[in-house]
file data-v8.cif (mmCIF, C-alpha atoms (C1' of nucleotides))
data_protein
loop_
_atom_site.label_atom_id
_atom_site.label_comp_id
_atom_site.auth_asym_id
_atom_site.auth_seq_id
_atom_site.Cartn_x
_atom_site.Cartn_y
_atom_site.Cartn_z
CA MET A 1 110.23 106.09 105.29
CA ARG A 2 107.75 103.47 106.43
CA ILE A 3 108.84 100.92 109.04
CA ALA A 4 106.92 98.26 110.93
CA THR A 5 107.07 95.43 113.44
CA TRP A 6 105.10 92.20 113.12
CA ASN A 7 105.02 88.91 115.01
CA VAL A 8 104.18 86.64 112.07
CA ASN A 9 103.78 83.36 114.04
CA SER A 10 105.83 81.31 111.52
CA ILE A 11 107.28 83.01 108.47
CA THR A 12 106.77 79.78 106.51
CA ALA A 13 103.03 79.65 107.21
CA ARG A 14 102.74 83.42 106.69
CA LEU A 15 104.90 83.82 103.59
CA PRO A 16 102.17 84.53 101.00
CA ARG A 17 100.56 87.11 103.29
CA LEU A 18 103.92 88.58 104.27
CA LEU A 19 105.07 89.11 100.70
CA ALA A 20 101.71 90.58 99.65
CA TRP A 21 101.65 92.87 102.68
CA LEU A 22 105.19 94.18 102.12
CA GLU A 23 104.19 95.20 98.61
CA SER A 24 100.76 96.61 99.39
CA SER A 25 101.89 98.55 102.47
CA GLY A 26 105.07 99.92 100.94
CA THR A 27 107.08 99.07 104.05
CA ASP A 28 110.80 99.88 103.82
CA VAL A 29 111.98 98.19 107.02
CA LEU A 30 110.15 95.36 108.82
CA CYS A 31 111.11 93.85 112.17
CA ILE A 32 109.80 90.27 112.32
CA GLN A 33 109.30 88.00 115.33
CA GLU A 34 108.50 84.31 115.71
CA THR A 35 109.91 83.18 112.41
CA LYS A 36 109.75 79.59 113.75
CA THR A 37 112.34 78.43 111.26
CA THR A 38 116.07 77.92 110.93
CA ALA A 39 118.19 80.58 109.23
CA GLU A 40 118.71 78.07 106.39
CA GLN A 41 114.95 77.69 105.84
CA PHE A 42 114.32 81.45 106.02
CA PRO A 43 112.81 82.76 102.73
CA THR A 44 115.79 84.95 101.86
CA GLU A 45 115.40 84.46 98.11
CA GLU A 46 111.67 85.26 98.02
CA LEU A 47 112.34 88.50 99.87
CA ARG A 48 115.29 89.38 97.64
CA GLU A 49 113.02 89.10 94.61
CA LEU A 50 110.92 91.88 96.14
CA GLY A 51 114.02 93.97 96.74
CA TYR A 52 114.56 93.26 100.44
CA GLU A 53 117.67 92.12 102.28
CA ALA A 54 117.29 90.16 105.51
CA ALA A 55 119.25 89.93 108.77
CA VAL A 56 118.15 86.72 110.48
CA ASN A 57 118.65 85.21 113.92
CA ALA A 58 116.78 81.92 113.98
CA THR A 59 117.58 78.35 115.03
CA GLY A 60 114.47 76.21 114.62
CA ARG A 61 110.90 75.62 115.66
CA TRP A 62 110.69 78.25 118.42
CA ASN A 63 111.33 82.00 118.49
CA GLY A 64 113.42 83.54 115.70
CA VAL A 65 113.68 87.19 114.63
CA ALA A 66 114.67 89.17 111.56
CA VAL A 67 115.12 92.66 110.16
CA VAL A 68 114.05 92.99 106.53
CA SER A 69 115.03 96.15 104.64
CA ARG A 70 114.98 97.66 101.18
CA VAL A 71 116.88 100.80 102.26
CA GLY A 72 120.15 99.18 103.30
CA LEU A 73 121.22 96.63 105.91
CA GLU A 74 124.53 97.07 107.69
CA ASP A 75 126.31 96.42 110.98
CA ILE A 76 124.14 93.40 111.80
CA VAL A 77 124.25 92.09 115.37
CA ARG A 78 122.66 88.68 115.94
CA GLY A 79 121.60 87.93 119.48
CA LEU A 80 121.36 90.05 122.59
CA PRO A 81 124.72 90.90 124.19
CA GLY A 82 124.59 89.58 127.74
CA ASP A 83 121.59 87.31 127.02
CA PRO A 84 121.07 85.33 130.25
CA GLY A 85 119.91 82.20 128.37
CA TYR A 86 117.09 79.89 129.42
CA GLU A 87 118.09 76.52 130.90
CA GLY A 88 121.55 77.05 129.50
CA VAL A 89 120.46 77.91 125.97
CA GLU A 90 120.61 81.33 124.36
CA GLU A 91 117.38 81.63 122.39
CA PRO A 92 117.18 83.65 119.15
CA ARG A 93 115.20 86.66 120.35
CA ALA A 94 117.10 89.70 119.09
CA VAL A 95 118.77 91.04 115.96
CA SER A 96 119.77 94.58 115.09
CA ALA A 97 120.86 96.43 111.98
CA THR A 98 121.39 99.86 110.49
CA CYS A 99 118.92 100.60 107.69
CA GLY A 100 119.87 103.83 105.96
CA PRO A 101 119.59 106.66 108.51
CA LEU A 102 118.03 104.43 111.15
CA ARG A 103 119.21 101.75 113.57
CA VAL A 104 116.66 99.20 114.77
CA TRP A 105 116.38 96.15 116.98
CA SER A 106 113.83 93.41 116.33
CA VAL A 107 113.10 91.78 119.69
CA TYR A 108 110.95 88.89 120.88
CA VAL A 109 110.87 89.20 124.66
CA PRO A 110 110.40 85.88 126.53
CA ASN A 111 106.77 85.10 127.34
CA GLY A 112 107.25 84.22 131.03
CA ARG A 113 104.49 81.57 131.00
CA GLU A 114 103.47 81.83 134.67
CA VAL A 115 104.52 84.30 137.35
CA ASP A 116 106.13 81.53 139.44
CA HIS A 117 107.73 79.83 136.41
CA PRO A 118 111.49 80.02 135.76
CA HIS A 119 110.65 81.52 132.37
CA TYR A 120 109.25 84.58 134.14
CA ALA A 121 112.54 85.17 135.98
CA TYR A 122 114.31 84.71 132.66
CA LYS A 123 112.00 87.33 131.14
CA LEU A 124 112.98 89.92 133.75
CA GLN A 125 116.68 89.09 133.37
CA TRP A 126 116.34 89.37 129.62
CA PHE A 127 114.91 92.88 129.99
CA GLU A 128 117.95 93.83 132.10
CA ALA A 129 120.28 92.66 129.36
CA LEU A 130 118.22 94.50 126.72
CA LYS A 131 118.44 97.73 128.67
CA ALA A 132 122.22 97.46 128.93
CA ALA A 133 122.56 96.58 125.25
CA VAL A 134 120.53 99.52 123.89
CA ALA A 135 121.41 102.30 126.35
CA GLY A 136 124.19 103.74 124.20
CA ASP A 137 122.12 104.02 121.01
CA ALA A 138 119.09 105.22 122.99
CA ALA A 139 121.07 108.22 124.20
CA GLY A 140 122.61 108.85 120.78
CA SER A 141 121.78 111.37 118.06
CA ARG A 142 120.92 108.83 115.35
CA PRO A 143 117.25 107.79 115.05
CA PHE A 144 117.01 104.49 116.91
CA ALA A 145 114.17 102.16 117.88
CA VAL A 146 113.68 98.88 119.72
CA MET A 147 110.70 97.26 118.04
CA GLY A 148 108.98 93.98 118.58
CA ASP A 149 106.82 91.69 120.67
CA TYR A 150 107.52 92.82 124.25
CA ASN A 151 105.04 90.38 125.81
CA VAL A 152 104.05 93.10 128.29
CA ALA A 153 100.95 95.31 128.23
CA PRO A 154 102.29 98.70 129.43
CA THR A 155 99.07 99.78 131.20
CA ASP A 156 95.70 98.34 132.19
CA ASP A 157 94.21 100.13 129.17
CA ASP A 158 96.35 97.89 126.99
CA VAL A 159 94.28 94.78 127.74
CA PHE A 160 90.61 94.26 126.91
CA ASP A 161 89.71 93.37 130.50
CA ARG A 162 92.04 93.84 133.43
CA ALA A 163 90.17 91.26 135.53
CA VAL A 164 90.88 88.49 133.01
CA PHE A 165 94.63 88.97 133.49
CA GLU A 166 94.65 89.08 137.28
CA GLY A 167 97.58 86.99 138.45
CA SER A 168 98.86 86.42 134.91
CA THR A 169 102.07 87.41 133.23
CA HIS A 170 102.14 90.40 130.83
CA VAL A 171 100.53 92.82 133.32
CA THR A 172 102.57 92.45 136.53
CA ALA A 173 104.34 95.32 138.25
CA PRO A 174 107.88 93.90 137.74
CA GLU A 175 107.25 93.51 134.00
CA ARG A 176 105.94 97.06 133.75
CA ALA A 177 108.86 98.30 135.85
CA ALA A 178 111.18 96.67 133.30
CA LEU A 179 109.50 98.71 130.56
CA THR A 180 109.87 101.89 132.61
CA ALA A 181 113.55 101.16 133.19
CA LEU A 182 114.02 100.61 129.48
CA ARG A 183 112.35 103.94 128.65
CA GLU A 184 114.64 105.67 131.16
CA THR A 185 117.56 105.04 128.81
CA GLY A 186 115.99 107.69 126.57
CA LEU A 187 113.26 105.79 124.75
CA SER A 188 109.59 106.66 124.45
CA ASP A 189 106.57 104.54 123.58
CA VAL A 190 105.38 105.44 120.07
CA ILE A 191 101.72 104.62 120.57
CA PRO A 192 99.93 103.77 117.31
CA ARG A 193 96.40 104.77 116.36
CA PRO A 194 93.79 102.04 116.22
CA LEU A 195 92.05 101.85 112.85
CA LYS A 196 88.89 100.75 114.66
CA TYR A 197 87.60 100.91 118.25
CA ASP A 198 89.27 102.81 121.08
CA HIS A 199 92.44 100.90 121.88
CA PRO A 200 95.42 100.12 119.61
CA PHE A 201 95.54 96.41 120.39
CA THR A 202 98.13 94.44 118.43
CA TYR A 203 97.35 90.86 119.48
CA TRP A 204 94.11 88.89 119.68
CA ASP A 205 93.95 85.24 120.76
CA TYR A 206 92.92 82.81 118.03
CA ARG A 207 90.41 81.19 120.38
CA GLN A 208 86.85 82.12 121.30
CA LEU A 209 86.31 84.85 118.70
CA GLY A 210 89.03 86.96 120.20
CA PHE A 211 89.41 89.21 117.18
CA PRO A 212 85.74 89.71 116.22
CA LYS A 213 85.00 90.55 119.87
CA ASN A 214 88.10 92.79 120.04
CA ARG A 215 89.42 90.97 123.08
CA GLY A 216 92.95 92.15 122.42
CA MET A 217 96.18 93.32 124.00
CA ARG A 218 98.78 95.93 123.07
CA ILE A 219 102.04 94.04 123.49
CA ASP A 220 103.86 94.82 120.23
CA LEU A 221 105.68 98.07 120.91
CA VAL A 222 107.90 100.63 119.23
CA TYR A 223 110.33 102.27 121.66
CA GLY A 224 112.20 105.09 119.94
CA ASN A 225 114.85 107.54 121.08
CA ALA A 226 114.29 111.32 120.89
CA PRO A 227 115.53 111.78 117.29
CA PHE A 228 113.30 108.88 116.25
CA ALA A 229 110.22 110.14 118.10
CA LYS A 230 110.71 113.60 116.62
CA ALA A 231 110.67 112.13 113.09
CA VAL A 232 107.41 110.19 113.53
CA THR A 233 104.62 111.51 111.29
CA ASP A 234 102.09 108.69 111.84
CA ALA A 235 101.71 105.32 113.55
CA TYR A 236 98.89 102.80 113.37
CA VAL A 237 97.99 99.13 113.88
CA ASP A 238 97.16 97.47 110.57
CA ARG A 239 94.31 95.37 111.95
CA GLU A 240 93.24 94.45 108.40
CA GLU A 241 96.11 91.97 108.43
CA ARG A 242 94.57 90.13 111.40
CA LYS A 243 91.48 89.30 109.36
CA GLY A 244 90.60 86.16 107.48
CA LYS A 245 92.11 82.75 106.95
CA GLY A 246 95.83 82.32 107.44
CA ALA A 247 96.32 85.38 109.64
CA SER A 248 98.91 85.70 112.39
CA ASP A 249 97.46 86.32 115.85
CA HIS A 250 99.38 89.63 115.85
CA ALA A 251 98.83 92.61 113.54
CA PRO A 252 101.66 94.78 112.17
CA VAL A 253 102.43 98.09 113.90
CA VAL A 254 103.34 100.61 111.19
CA VAL A 255 105.31 103.83 111.74
CA ASP A 256 105.93 106.59 109.19
CA LEU A 257 109.05 108.68 109.62
CA ASP A 258 110.30 111.89 108.10
CA VAL A 259 114.00 110.97 107.89
"C1'" DA B 1 81.50 90.54 107.83
"C1'" DT B 2 86.63 89.90 111.28
"C1'" DG B 3 83.58 84.14 113.11
"C1'" DA B 4 84.39 79.72 117.63
"C1'" DC B 5 92.98 78.27 117.63
"C1'" DT B 6 97.40 77.60 115.16
"C1'" DC B 7 102.11 76.39 114.59
"C1'" DG B 8 105.97 72.84 113.89
"C1'" DT B 9 107.41 68.37 114.86
"C1'" DA B 10 106.42 64.04 115.47
"C1'" DC B 11 103.61 60.21 114.63
"C1'" DC B 12 98.15 58.22 116.19
"C1'" DA B 13 99.52 63.80 120.29
"C1'" DC B 14 102.08 67.61 122.31
"C1'" DG B 15 104.41 71.89 123.80
"C1'" DA B 16 104.12 76.66 123.25
"C1'" DG B 17 101.81 80.77 122.60
"C1'" DA B 18 99.73 85.07 126.15
#

call {"tool": "encode", "arguments": {"input": "data-v8.cif", "output": "structure tokens"}}
result
Amino acid sequence: MRIATWNVNSITARLPRLLAWLESSGTDVLCIQETKTTAEQFPTEELRELGYEAAVNATGRWNGVAVVSRVGLEDIVRGLPGDPGYEGVEEPRAVSATCGPLRVWSVYVPNGREVDHPHYAYKLQWFEALKAAVAGDAAGSRPFAVMGDYNVAPTDDDVFDRAVFEGSTHVTAPERAALTALRETGLSDVIPRPLKYDHPFTYWDYRQLGFPKNRGMRIDLVYGNAPFAKAVTDAYVDREERKGKGASDHAPVVVDLDV
DNA sequence: ATGACTCGTACCACGAGA
């Protein structure tokens, strides 16, 4: 089985590339982030024509997540149980589903904006809620993974230049501690291979030739429990999808499983 | 070549992204 996670930065703008990529890559289950659409505007029919069902949690111009599957889609949970909300609003940042032998979450962790911004506190609270929500499945015997845009680079090697991020979100100790706490529920970081260069970056800024200069970050992560990790046969970043006109600023992370 | 931001919404910019 081939599964993947991809922050598409608007599923409407990305639809031609998304549909072509699903077919060419042979992906069975895709976790999508930043759909930037309402559930009503989500391209359910276009995906169905390719043989995929979709579980969607999306409310409008910001955020939005989905799980797309051609191997079954059951027990859908929309939203993060215990989501702390930002300024009184619960944002659509999580959806989970069972896809055949596998249970997955598609998550879009809050960005945080600045370290002293309320959004950063919200980010850390959101991680707490995520940990509580997934702990049971993480310790279970069914293959299980929390996949998505975590908006945290786990180590200094996961950014192109540590000095550039000094004092910024995505690299701070509390954010990394939140990742460690999440792993302590029984999850491990399934680190993909880069298809070029030394580091498996998954995001490159649109500005200032970020991609051609490989000024990237690894912030799209696959956290799997022990049965999941044991089934992994390969994992890589499909950087080809970051190329050319009409690309997302994130590339898909692809994982092959023997399940 | 992978090439100097892009998206949606609103409206003659702007907020958000990381």

call {"tool": "residues_around", "arguments": {"input": "data-v8.cif", "residues": "Val222 (chain A)", "least_positions_apart": "4", "cutoff": "9 Å", "atoms": "all atoms listed in the file", "output": "count of residues only"}}
result
13

call {"tool": "interface_residues", "arguments": {"input": "data-v8.cif", "of": "chain B", "to": "chain A", "cutoff": "8 Å", "atoms": "only C-alpha atoms (C1' of nucleotides)", "output": "JSON, numbers by chain"}}
result
{"B": [2, 3, 4, 5, 6, 7, 8, 18]}

call {"tool": "residues_near_point", "arguments": {"input": "data-v8.cif", "point": "(124.5, 97.5, 124.5)", "cutoff": "9 Å", "atoms": "only C-alpha atoms (C1' of nucleotides)", "output": "count of residues only"}}
result
12

call {"tool": "atom_distance", "arguments": {"input": "data-v8.cif", "atom1": "CA of Ala58 (chain A)", "atom2": "CA of Leu257 (chain A)"}}
result
28.2 Å

call {"tool": "atom_distance", "arguments": {"input": "data-v8.cif", "atom1": "CA of Asp258 (chain A)", "atom2": "CA of Ala138 (chain A)"}}
result
18.5 Å

call {"tool": "residues_near_point", "arguments": {"input": "data-v8.cif", "point": "(102.6, 108.5, 110.4)", "cutoff": "7 Å", "atoms": "only C-alpha atoms (C1' of nucleotides)", "output": "list in words"}}
result
Val232, Thr233, Asp234, Ala235, Val255, Asp256 and Leu257 of chain A

call {"tool": "axis_aligned_box", "arguments": {"input": "data-v8.cif", "around": "region 40-58 of chain A", "padding_each_side": "6 Å", "output": "lines of an AutoDock Vina configuration file"}}
result
center_x = 115.1
center_y = 85.8
center_z = 104.3
size_x = 20.3
size_y = 28.3
size_z = 31.4

call {"tool": "residues_around", "arguments": {"input": "data-v8.cif", "residues": "Tyr52 (chain A)", "least_positions_apart": "2", "cutoff": "12 Å", "atoms": "all atoms listed in the file", "output": "tab-separated table (two decimals) with C-alpha atoms, in the coordinates of the input"}}
result
chain	number	residue	atom	x	y	z
A	19	LEU	CA	105.07	89.11	100.70
A	22	LEU	CA	105.19	94.18	102.12
A	23	GLU	CA	104.19	95.20	98.61
A	26	GLY	CA	105.07	99.92	100.94
A	27	THR	CA	107.08	99.07	104.05
A	28	ASP	CA	110.80	99.88	103.82
A	29	VAL	CA	111.98	98.19	107.02
A	30	LEU	CA	110.15	95.36	108.82
A	43	PRO	CA	112.81	82.76	102.73
A	44	THR	CA	115.79	84.95	101.86
A	45	GLU	CA	115.40	84.46	98.11
A	46	GLU	CA	111.67	85.26	98.02
A	47	LEU	CA	112.34	88.50	99.87
A	48	ARG	CA	115.29	89.38	97.64
A	49	GLU	CA	113.02	89.10	94.61
A	50	LEU	CA	110.92	91.88	96.14
A	54	ALA	CA	117.29	90.16	105.51
A	55	ALA	CA	119.25	89.93	108.77
A	66	ALA	CA	114.67	89.17	111.56
A	67	VAL	CA	115.12	92.66	110.16
A	68	VAL	CA	114.05	92.99	106.53
A	69	SER	CA	115.03	96.15	104.64
A	70	ARG	CA	114.98	97.66	101.18
A	71	VAL	CA	116.88	100.80	102.26
A	72	GLY	CA	120.15	99.18	103.30
A	73	LEU	CA	121.22	96.63	105.91
A	99	CYS	CA	118.92	100.60	107.69

call {"tool": "atom_distance", "arguments": {"input": "data-v8.cif", "atom1": "CA of Asp83 (chain A)", "atom2": "CA of Trp126 (chain A)"}}
result
6.2 Å

call {"tool": "resolve_selection", "arguments": {"input": "data-v8.cif", "expression": "the PyMOL selection byres ((chain A and resi 200) around 9)", "output": "list in words"}}
result
Asp158, Ile191, Pro192, Arg193, Pro194, Leu195, Lys196, Tyr197, Asp198, His199, Phe201, Thr202, Gly216, Met217, Arg218, Tyr236 and Val237 of chain A

call {"tool": "decode", "arguments": {"input": "data-v8.cif", "residues": "region 5-16 of chain B", "atoms": "all heavy atoms", "output": "short mmCIF file (atom, residue, chain, number, x, y, z; two decimals), in the first residue's frame"}}
result
data_model
loop_
_atom_site.label_atom_id
_atom_site.label_comp_id
_atom_site.auth_asym_id
_atom_site.auth_seq_id
_atom_site.Cartn_x
_atom_site.Cartn_y
_atom_site.Cartn_z
P DC B 5 10.33 36.43 -5.33
OP1 DC B 5 9.76 37.75 -5.71
OP2 DC B 5 10.84 36.21 -3.98
"O5'" DC B 5 9.35 35.23 -5.58
"C5'" DC B 5 8.25 35.18 -6.43
"C4'" DC B 5 7.39 34.09 -5.85
"O4'" DC B 5 7.22 34.32 -4.44
"C3'" DC B 5 6.02 34.09 -6.49
"O3'" DC B 5 5.74 32.75 -6.87
"C2'" DC B 5 5.08 34.60 -5.39
"C1'" DC B 5 5.85 34.24 -4.11
N1 DC B 5 5.58 35.20 -3.00
C2 DC B 5 4.89 34.72 -1.90
O2 DC B 5 4.54 33.53 -1.89
N3 DC B 5 4.62 35.57 -0.88
C4 DC B 5 5.03 36.83 -0.94
N4 DC B 5 4.74 37.62 0.09
C5 DC B 5 5.74 37.34 -2.07
C6 DC B 5 5.99 36.50 -3.08
P DT B 6 4.63 32.54 -7.95
OP1 DT B 6 4.96 31.31 -8.69
OP2 DT B 6 4.32 33.80 -8.63
"O5'" DT B 6 3.42 32.20 -6.99
"C5'" DT B 6 3.47 31.05 -6.16
"C4'" DT B 6 2.24 31.02 -5.30
"O4'" DT B 6 2.34 32.01 -4.26
"C3'" DT B 6 0.93 31.33 -6.06
"O3'" DT B 6 0.10 30.21 -5.93
"C2'" DT B 6 0.36 32.55 -5.35
"C1'" DT B 6 1.05 32.50 -4.01
N1 DT B 6 1.21 33.80 -3.31
C2 DT B 6 0.81 33.87 -1.99
O2 DT B 6 0.31 32.94 -1.40
N3 DT B 6 1.00 35.09 -1.40
C4 DT B 6 1.55 36.21 -1.99
O4 DT B 6 1.68 37.24 -1.35
C5 DT B 6 1.95 36.07 -3.36
C7 DT B 6 2.55 37.23 -4.08
C6 DT B 6 1.76 34.88 -3.96
P DC B 7 -1.20 30.09 -6.79
OP1 DC B 7 -1.25 28.70 -7.27
OP2 DC B 7 -1.31 31.22 -7.72
"O5'" DC B 7 -2.31 30.30 -5.68
"C5'" DC B 7 -2.46 29.34 -4.64
"C4'" DC B 7 -3.28 29.95 -3.52
"O4'" DC B 7 -2.55 31.05 -2.94
"C3'" DC B 7 -4.59 30.58 -3.99
"O3'" DC B 7 -5.61 29.61 -3.96
"C2'" DC B 7 -4.85 31.65 -2.92
"C1'" DC B 7 -3.49 31.89 -2.29
N1 DC B 7 -3.02 33.28 -2.42
C2 DC B 7 -3.08 34.10 -1.29
O2 DC B 7 -3.55 33.64 -0.25
N3 DC B 7 -2.64 35.37 -1.38
C4 DC B 7 -2.16 35.83 -2.53
N4 DC B 7 -1.72 37.08 -2.56
C5 DC B 7 -2.09 35.01 -3.69
C6 DC B 7 -2.53 33.75 -3.59
P DG B 8 -6.98 29.93 -4.66
OP1 DG B 8 -7.65 28.64 -4.84
OP2 DG B 8 -6.74 30.82 -5.81
"O5'" DG B 8 -7.75 30.77 -3.57
"C5'" DG B 8 -8.09 30.15 -2.32
"C4'" DG B 8 -8.73 31.19 -1.42
"O4'" DG B 8 -7.82 32.30 -1.26
"C3'" DG B 8 -10.03 31.77 -1.97
"O3'" DG B 8 -10.99 31.83 -0.92
"C2'" DG B 8 -9.65 33.15 -2.47
"C1'" DG B 8 -8.47 33.52 -1.57
N9 DG B 8 -7.51 34.40 -2.22
C8 DG B 8 -7.00 34.28 -3.49
N7 DG B 8 -6.15 35.23 -3.80
C5 DG B 8 -6.10 36.02 -2.66
C6 DG B 8 -5.37 37.20 -2.39
O6 DG B 8 -4.58 37.80 -3.13
N1 DG B 8 -5.62 37.68 -1.11
C2 DG B 8 -6.46 37.10 -0.20
N2 DG B 8 -6.57 37.71 0.98
N3 DG B 8 -7.16 36.00 -0.44
C4 DG B 8 -6.93 35.52 -1.68
P DT B 9 -12.47 32.20 -1.24
OP1 DT B 9 -13.28 31.50 -0.23
OP2 DT B 9 -12.70 32.00 -2.68
"O5'" DT B 9 -12.55 33.76 -0.94
"C5'" DT B 9 -12.32 34.19 0.40
"C4'" DT B 9 -12.20 35.69 0.43
"O4'" DT B 9 -11.01 36.10 -0.28
"C3'" DT B 9 -13.37 36.45 -0.23
"O3'" DT B 9 -13.94 37.32 0.72
"C2'" DT B 9 -12.73 37.20 -1.38
"C1'" DT B 9 -11.29 37.33 -0.89
N1 DT B 9 -10.28 37.58 -1.94
C2 DT B 9 -9.35 38.56 -1.74
O2 DT B 9 -9.32 39.25 -0.73
N3 DT B 9 -8.45 38.72 -2.76
C4 DT B 9 -8.39 38.01 -3.94
O4 DT B 9 -7.54 38.25 -4.77
C5 DT B 9 -9.39 36.98 -4.09
C7 DT B 9 -9.42 36.16 -5.32
C6 DT B 9 -10.28 36.82 -3.09
P DA B 10 -15.21 38.17 0.42
OP1 DA B 10 -16.14 37.85 1.51
OP2 DA B 10 -15.62 37.95 -0.99
"O5'" DA B 10 -14.73 39.68 0.55
"C5'" DA B 10 -13.51 40.04 1.19
"C4'" DA B 10 -12.84 41.16 0.43
"O4'" DA B 10 -12.17 40.64 -0.75
"C3'" DA B 10 -13.80 42.25 -0.09
"O3'" DA B 10 -13.36 43.50 0.40
"C2'" DA B 10 -13.66 42.15 -1.61
"C1'" DA B 10 -12.25 41.64 -1.75
N9 DA B 10 -11.91 41.04 -3.05
C8 DA B 10 -12.49 39.97 -3.66
N7 DA B 10 -11.97 39.68 -4.83
C5 DA B 10 -10.97 40.64 -5.00
C6 DA B 10 -10.04 40.88 -6.02
N6 DA B 10 -9.97 40.16 -7.14
N1 DA B 10 -9.19 41.91 -5.86
C2 DA B 10 -9.27 42.63 -4.73
N3 DA B 10 -10.09 42.50 -3.71
C4 DA B 10 -10.92 41.48 -3.89
P DC B 11 -14.15 44.83 0.22
OP1 DC B 11 -13.84 45.62 1.40
OP2 DC B 11 -15.54 44.49 -0.14
"O5'" DC B 11 -13.45 45.53 -1.05
"C5'" DC B 11 -12.04 45.67 -1.07
"C4'" DC B 11 -11.57 45.96 -2.46
"O4'" DC B 11 -11.92 44.90 -3.36
"C3'" DC B 11 -12.12 47.24 -3.09
"O3'" DC B 11 -11.07 48.09 -3.49
"C2'" DC B 11 -12.87 46.73 -4.33
"C1'" DC B 11 -12.08 45.48 -4.65
N1 DC B 11 -12.66 44.46 -5.55
C2 DC B 11 -11.97 44.14 -6.73
O2 DC B 11 -10.93 44.74 -7.01
N3 DC B 11 -12.47 43.19 -7.54
C4 DC B 11 -13.61 42.57 -7.22
N4 DC B 11 -14.04 41.63 -8.05
C5 DC B 11 -14.32 42.87 -6.02
C6 DC B 11 -13.82 43.82 -5.22
P DC B 12 -10.08 48.59 -2.31
OP1 DC B 12 -9.76 47.43 -1.47
OP2 DC B 12 -10.71 49.78 -1.71
"O5'" DC B 12 -8.75 49.04 -3.04
"C5'" DC B 12 -7.82 48.06 -3.43
"C4'" DC B 12 -7.08 48.52 -4.67
"O4'" DC B 12 -7.90 48.29 -5.83
"C3'" DC B 12 -6.75 50.00 -4.65
"O3'" DC B 12 -5.45 50.17 -5.19
"C2'" DC B 12 -7.81 50.60 -5.57
"C1'" DC B 12 -8.02 49.49 -6.57
N1 DC B 12 -9.37 49.43 -7.19
C2 DC B 12 -9.48 48.96 -8.50
O2 DC B 12 -8.45 48.62 -9.09
N3 DC B 12 -10.71 48.87 -9.06
C4 DC B 12 -11.80 49.23 -8.37
N4 DC B 12 -12.97 49.11 -8.99
C5 DC B 12 -11.70 49.73 -7.05
C6 DC B 12 -10.48 49.81 -6.49
P DA B 13 -4.25 50.29 -4.13
OP1 DA B 13 -4.74 50.88 -2.87
OP2 DA B 13 -3.13 50.92 -4.83
"O5'" DA B 13 -3.92 48.74 -3.93
"C5'" DA B 13 -3.19 48.34 -2.81
"C4'" DA B 13 -4.11 48.03 -1.64
"O4'" DA B 13 -5.11 47.06 -2.05
"C3'" DA B 13 -3.36 47.39 -0.47
"O3'" DA B 13 -3.88 47.91 0.74
"C2'" DA B 13 -3.61 45.90 -0.63
"C1'" DA B 13 -4.96 45.84 -1.35
N9 DA B 13 -4.98 44.75 -2.31
C8 DA B 13 -4.28 44.66 -3.49
N7 DA B 13 -4.51 43.55 -4.15
C5 DA B 13 -5.42 42.87 -3.37
C6 DA B 13 -6.05 41.63 -3.52
N6 DA B 13 -5.86 40.82 -4.57
N1 DA B 13 -6.91 41.24 -2.55
C2 DA B 13 -7.10 42.04 -1.50
N3 DA B 13 -6.56 43.23 -1.25
C4 DA B 13 -5.73 43.59 -2.24
P DC B 14 -2.92 47.61 2.02
OP1 DC B 14 -3.21 48.63 3.04
OP2 DC B 14 -1.54 47.42 1.53
"O5'" DC B 14 -3.47 46.21 2.50
"C5'" DC B 14 -4.85 46.04 2.85
"C4'" DC B 14 -5.06 44.62 3.29
"O4'" DC B 14 -5.16 43.76 2.14
"C3'" DC B 14 -3.91 44.07 4.14
"O3'" DC B 14 -4.41 43.55 5.34
"C2'" DC B 14 -3.30 42.97 3.28
"C1'" DC B 14 -4.48 42.56 2.40
N1 DC B 14 -4.09 41.93 1.12
C2 DC B 14 -4.70 40.73 0.72
O2 DC B 14 -5.55 40.23 1.46
N3 DC B 14 -4.33 40.15 -0.45
C4 DC B 14 -3.41 40.74 -1.21
N4 DC B 14 -3.10 40.14 -2.36
C5 DC B 14 -2.78 41.96 -0.83
C6 DC B 14 -3.14 42.52 0.34
P DG B 15 -3.37 43.46 6.56
OP1 DG B 15 -3.75 44.50 7.50
OP2 DG B 15 -1.98 43.34 6.07
"O5'" DG B 15 -3.78 42.04 7.16
"C5'" DG B 15 -5.13 41.58 7.12
"C4'" DG B 15 -5.15 40.08 7.05
"O4'" DG B 15 -4.87 39.65 5.70
"C3'" DG B 15 -4.09 39.41 7.93
"O3'" DG B 15 -4.71 38.30 8.56
"C2'" DG B 15 -3.00 39.00 6.95
"C1'" DG B 15 -3.81 38.71 5.69
N9 DG B 15 -3.09 38.88 4.43
C8 DG B 15 -2.22 39.90 4.08
N7 DG B 15 -1.76 39.79 2.87
C5 DG B 15 -2.35 38.63 2.37
C6 DG B 15 -2.22 38.00 1.11
O6 DG B 15 -1.55 38.35 0.14
N1 DG B 15 -2.98 36.84 1.03
C2 DG B 15 -3.78 36.36 2.04
N2 DG B 15 -4.44 35.23 1.79
N3 DG B 15 -3.91 36.94 3.23
C4 DG B 15 -3.17 38.06 3.32
P DA B 16 -3.91 37.51 9.70
OP1 DA B 16 -4.96 37.01 10.62
OP2 DA B 16 -2.79 38.32 10.22
"O5'" DA B 16 -3.29 36.27 8.94
"C5'" DA B 16 -4.15 35.29 8.37
"C4'" DA B 16 -3.32 34.36 7.54
"O4'" DA B 16 -2.84 35.04 6.38
"C3'" DA B 16 -2.08 33.79 8.26
"O3'" DA B 16 -2.27 32.41 8.42
"C2'" DA B 16 -0.92 34.17 7.35
"C1'" DA B 16 -1.60 34.45 6.02
N9 DA B 16 -0.90 35.39 5.16
C8 DA B 16 -0.38 36.61 5.49
N7 DA B 16 0.20 37.24 4.49
C5 DA B 16 0.04 36.37 3.42
C6 DA B 16 0.43 36.43 2.06
N6 DA B 16 1.10 37.46 1.53
N1 DA B 16 0.12 35.38 1.27
C2 DA B 16 -0.54 34.35 1.80
N3 DA B 16 -0.96 34.17 3.05
C4 DA B 16 -0.63 35.23 3.82
#
